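Enquirer: What follows is a single structure, and I will ask about it in a moment.
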Amino acid sequence: MGNEGSKSSVSIHENDIDSLVKESGFSREEIEKWLKDFKEFAPSDKGLDKKNFVKACERIGLLNNISVLATQAVDKGDGTQVTMHMNQEEVKKDVVEVLWRVFDNDRNGRVDFRELLLGAAIVMKGNIDQKARALFNLHDANGDGTLTKDELQKSIKRTMKAGRKIIRASMKQLENDLGKAHAYRTEKVSDEMAKDYFVKIIVEKIFSEADVDRNGSVSLEEFVAFAKRNPDTLKSLFQIAGDPIPPPQSD
């Protein structure tokens with residue numbers, strides 16, 4: 001495992017560790033262990049590429065909840081519920097993509113140790129404010145501190161297409177769980193949700209509530225306030241950590 005035969009040039013000074021303890025909320029012992037694991041997967045100070053990022057996430061426990069995420073209780077339409085099982089490999093790919101986009105703060109195609117540690121702190125220990133800020137940065141494609149409808153539409157469409165791919169990869173199991181007719185309806189719903197018109201409806205709804213000053217864009221502060229009122233917005237980041245979604249907060 002890791003990069004045998006290669007020496008890592010990743011180095012963290014003592015005062016850097018002290019700073020990371022304060023910023024992350026992890027103990028010095030935890031950070032030192034994570035640094036040791038990080039060096040195993042990052043052969044140089046360039047950081048983790050996506051392949052080794054997955055290995056690091058597995059090592060530190062960020063992918064421990066995949067089996068739970070791949071299992072959902074759904075209403076059969078007659079007042080009863082049935083458990084729906086989805087393809088775990090596809091769910092894992094989706095989770096990794098979300099984590100990668102959240103952690104790679106500077107969008108340079110690599111995740112350095114600081115990004116890994118602080119990203120993990122947000123996902124594993126973050127409050128609703130911190131998770132909302134992380135999700136805002138994920139949607140903010142150009143990093144200018146504001147969300148446009150175009151940015152949000154592209155980001156949400158990407159999420160919906162990933163969901164559709166998971167459903168399509170899970171059809172045999174869904175037919176066993178739900179029956180062929182219900183599984184077929186589930187596939188059709190996922191197809192519709194990935195279409196531009198449906199994504200646009202979601203974006204317009206978010207903007208109608210979040211764009212308080214009606215200037216055509218959503219600021220970080222507006223998005224955080226919106227997420228507090230609609231915590232389901234942050235479902236992906238809470239579910240990855242296995243945390244309950246908090247109740248809505250009033251302004």
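Identifiers for the structure tokens are assigned positionally: chains receive A, B, ... in sequence, residues are indexed from 1 per chain, and ligands are indexed from 1 in the order shown.
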Neighbouring residues of Lys46 of chain A were defined as those with any atom within 10 Å, considering only C-alpha atoms; residues of the same chain fewer than 2 positions away were excluded. Please report them as JSON, numbers by chain.
Expert: {"A": [9, 10, 42, 43, 44, 48, 49, 108, 109, 110, 111, 112, 113]}
Enquirer: Using 9 Å as the limit and counting only C-alpha atoms, can you tabulate each residue of segment 38-94 of chain A that touches segment 159-171 of chain A, with its shortest atom-to-atom distance in Å and the two atoms involved, as CSV?
Expert:
residue,atom,partner,partner_atom,distance
A:His85,CA,A:Ser170,CA,7.5
A:Met86,CA,A:Ser170,CA,5.0
A:Asn87,CA,A:Ser170,CA,5.0
A:Gln88,CA,A:Ile166,CA,8.6
A:Glu89,CA,A:Ile166,CA,8.7
A:Glu90,CA,A:Ile166,CA,5.4
A:Val91,CA,A:Ile166,CA,6.4
A:Lys93,CA,A:Ala162,CA,8.9
A:Asp94,CA,A:Ala162,CA,6.5
Enquirer: So which residues of segment 46-234 of chain A fall under alpha helix (DSSP H) by DSSP, listed as a count of residues only?
Expert: 124
Enquirer: So which one's closest to Asn64 of chain A, A:Lys92, A:Arg214, A:Lys51, A:Arg107? Using only C-alpha atoms, please.
Expert: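 That would be A:Lys92, the residue with the smallest distance to Asn64 of chain A.
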Enquirer: From the options A:Ile17, A:Leu178, A:Leu117, A:Ala225, which residue's atoms come nearest to Gly77 of chain A, counting only C-alpha atoms?
Expert: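 Of the candidates, the smallest distance to Gly77 of chain A is held by A:Leu178.
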Enquirer: Excluding segment 240-250 of chain A and any residue of its chain fewer than 4 positions from it, enumerate the residues within 7 Å of it, using only C-alpha atoms, and give them as a ChimeraX atom specification.
Expert: /A:65,123-124,228-232,235-236
Enquirer: Mind writing the picked residues with N, CA, C and O atoms as a compact mmCIF listing (two decimals), in the first residue's frame?
Expert:
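File written: selection.txt
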# COMPACT_ATOMS: atom_id res chain seq x y z
N ASN A 65 -19.05 4.95 5.59
CA ASN A 65 -20.51 5.00 5.64
C ASN A 65 -21.16 4.64 4.31
O ASN A 65 -22.36 4.83 4.14
N VAL A 123 -16.22 17.83 7.26
CA VAL A 123 -17.14 16.72 6.99
C VAL A 123 -17.44 15.92 8.26
O VAL A 123 -18.60 15.57 8.52
N MET A 124 -16.41 15.65 9.06
CA MET A 124 -16.56 14.77 10.22
C MET A 124 -17.03 15.49 11.48
O MET A 124 -17.71 14.91 12.32
N LYS A 228 -29.28 27.22 6.60
CA LYS A 228 -29.79 27.07 7.96
C LYS A 228 -31.31 26.90 7.96
O LYS A 228 -31.86 26.18 8.79
N ARG A 229 -31.98 27.58 7.03
CA ARG A 229 -33.42 27.45 6.92
C ARG A 229 -33.82 26.16 6.20
O ARG A 229 -34.93 25.66 6.37
N ASN A 230 -32.89 25.64 5.39
CA ASN A 230 -33.16 24.44 4.58
C ASN A 230 -31.99 23.46 4.72
O ASN A 230 -31.23 23.25 3.76
N PRO A 231 -31.81 22.85 5.89
CA PRO A 231 -30.62 22.01 6.12
C PRO A 231 -30.54 20.78 5.22
O PRO A 231 -29.45 20.21 5.06
N ASP A 232 -31.66 20.37 4.58
CA ASP A 232 -31.58 19.27 3.63
C ASP A 232 -30.65 19.59 2.47
O ASP A 232 -30.15 18.69 1.78
N LYS A 235 -27.49 17.80 2.85
CA LYS A 235 -27.67 16.37 3.13
C LYS A 235 -26.42 15.55 2.83
O LYS A 235 -26.02 14.70 3.62
N SER A 236 -25.78 15.81 1.68
CA SER A 236 -24.65 14.97 1.27
C SER A 236 -23.51 15.04 2.29
O SER A 236 -22.94 14.01 2.65
Enquirer: Just give me the gap between atom CA of Leu174 of chain A and atom CA of Ile201 of chain A in Å, one decimal is fine.
Expert: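 According to the coordinates, atom CA of Leu174 of chain A and atom CA of Ile201 of chain A are separated by 27.5 Å.
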Enquirer: Env of Ala73 of chain A: 9 Å cut, atoms = only C-alpha atoms, seq-sep filter 2 positions within chain, self excluded. Answer as a list in words.
Expert: Thr71, Asp75, Gln81, Val82, Thr83, Met84 and His85 of chain A
Enquirer: Would you mind telling me which residue in A:Glu29, A:Leu220, A:Val21, A:Gln239 lies nearest to Asp129 of chain A when using only C-alpha atoms?
Expert: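 So, comparing all the options, the nearest one is A:Leu220.
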Enquirer: I'd like to know which of A:Ser155, A:Thr146, A:Asn52, A:Asn137 is closest to Lys200 of chain A, using only C-alpha atoms.
Expert: A:Ser155
Enquirer: Please list as a ChimeraX atom specification every residue within 12 Å of Ile156 of chain A, counting only C-alpha atoms and excluding residues in the same chain fewer than 2 positions away.
Expert: /A:98,135-136,138-141,149-154,158-163,193-204,206,233
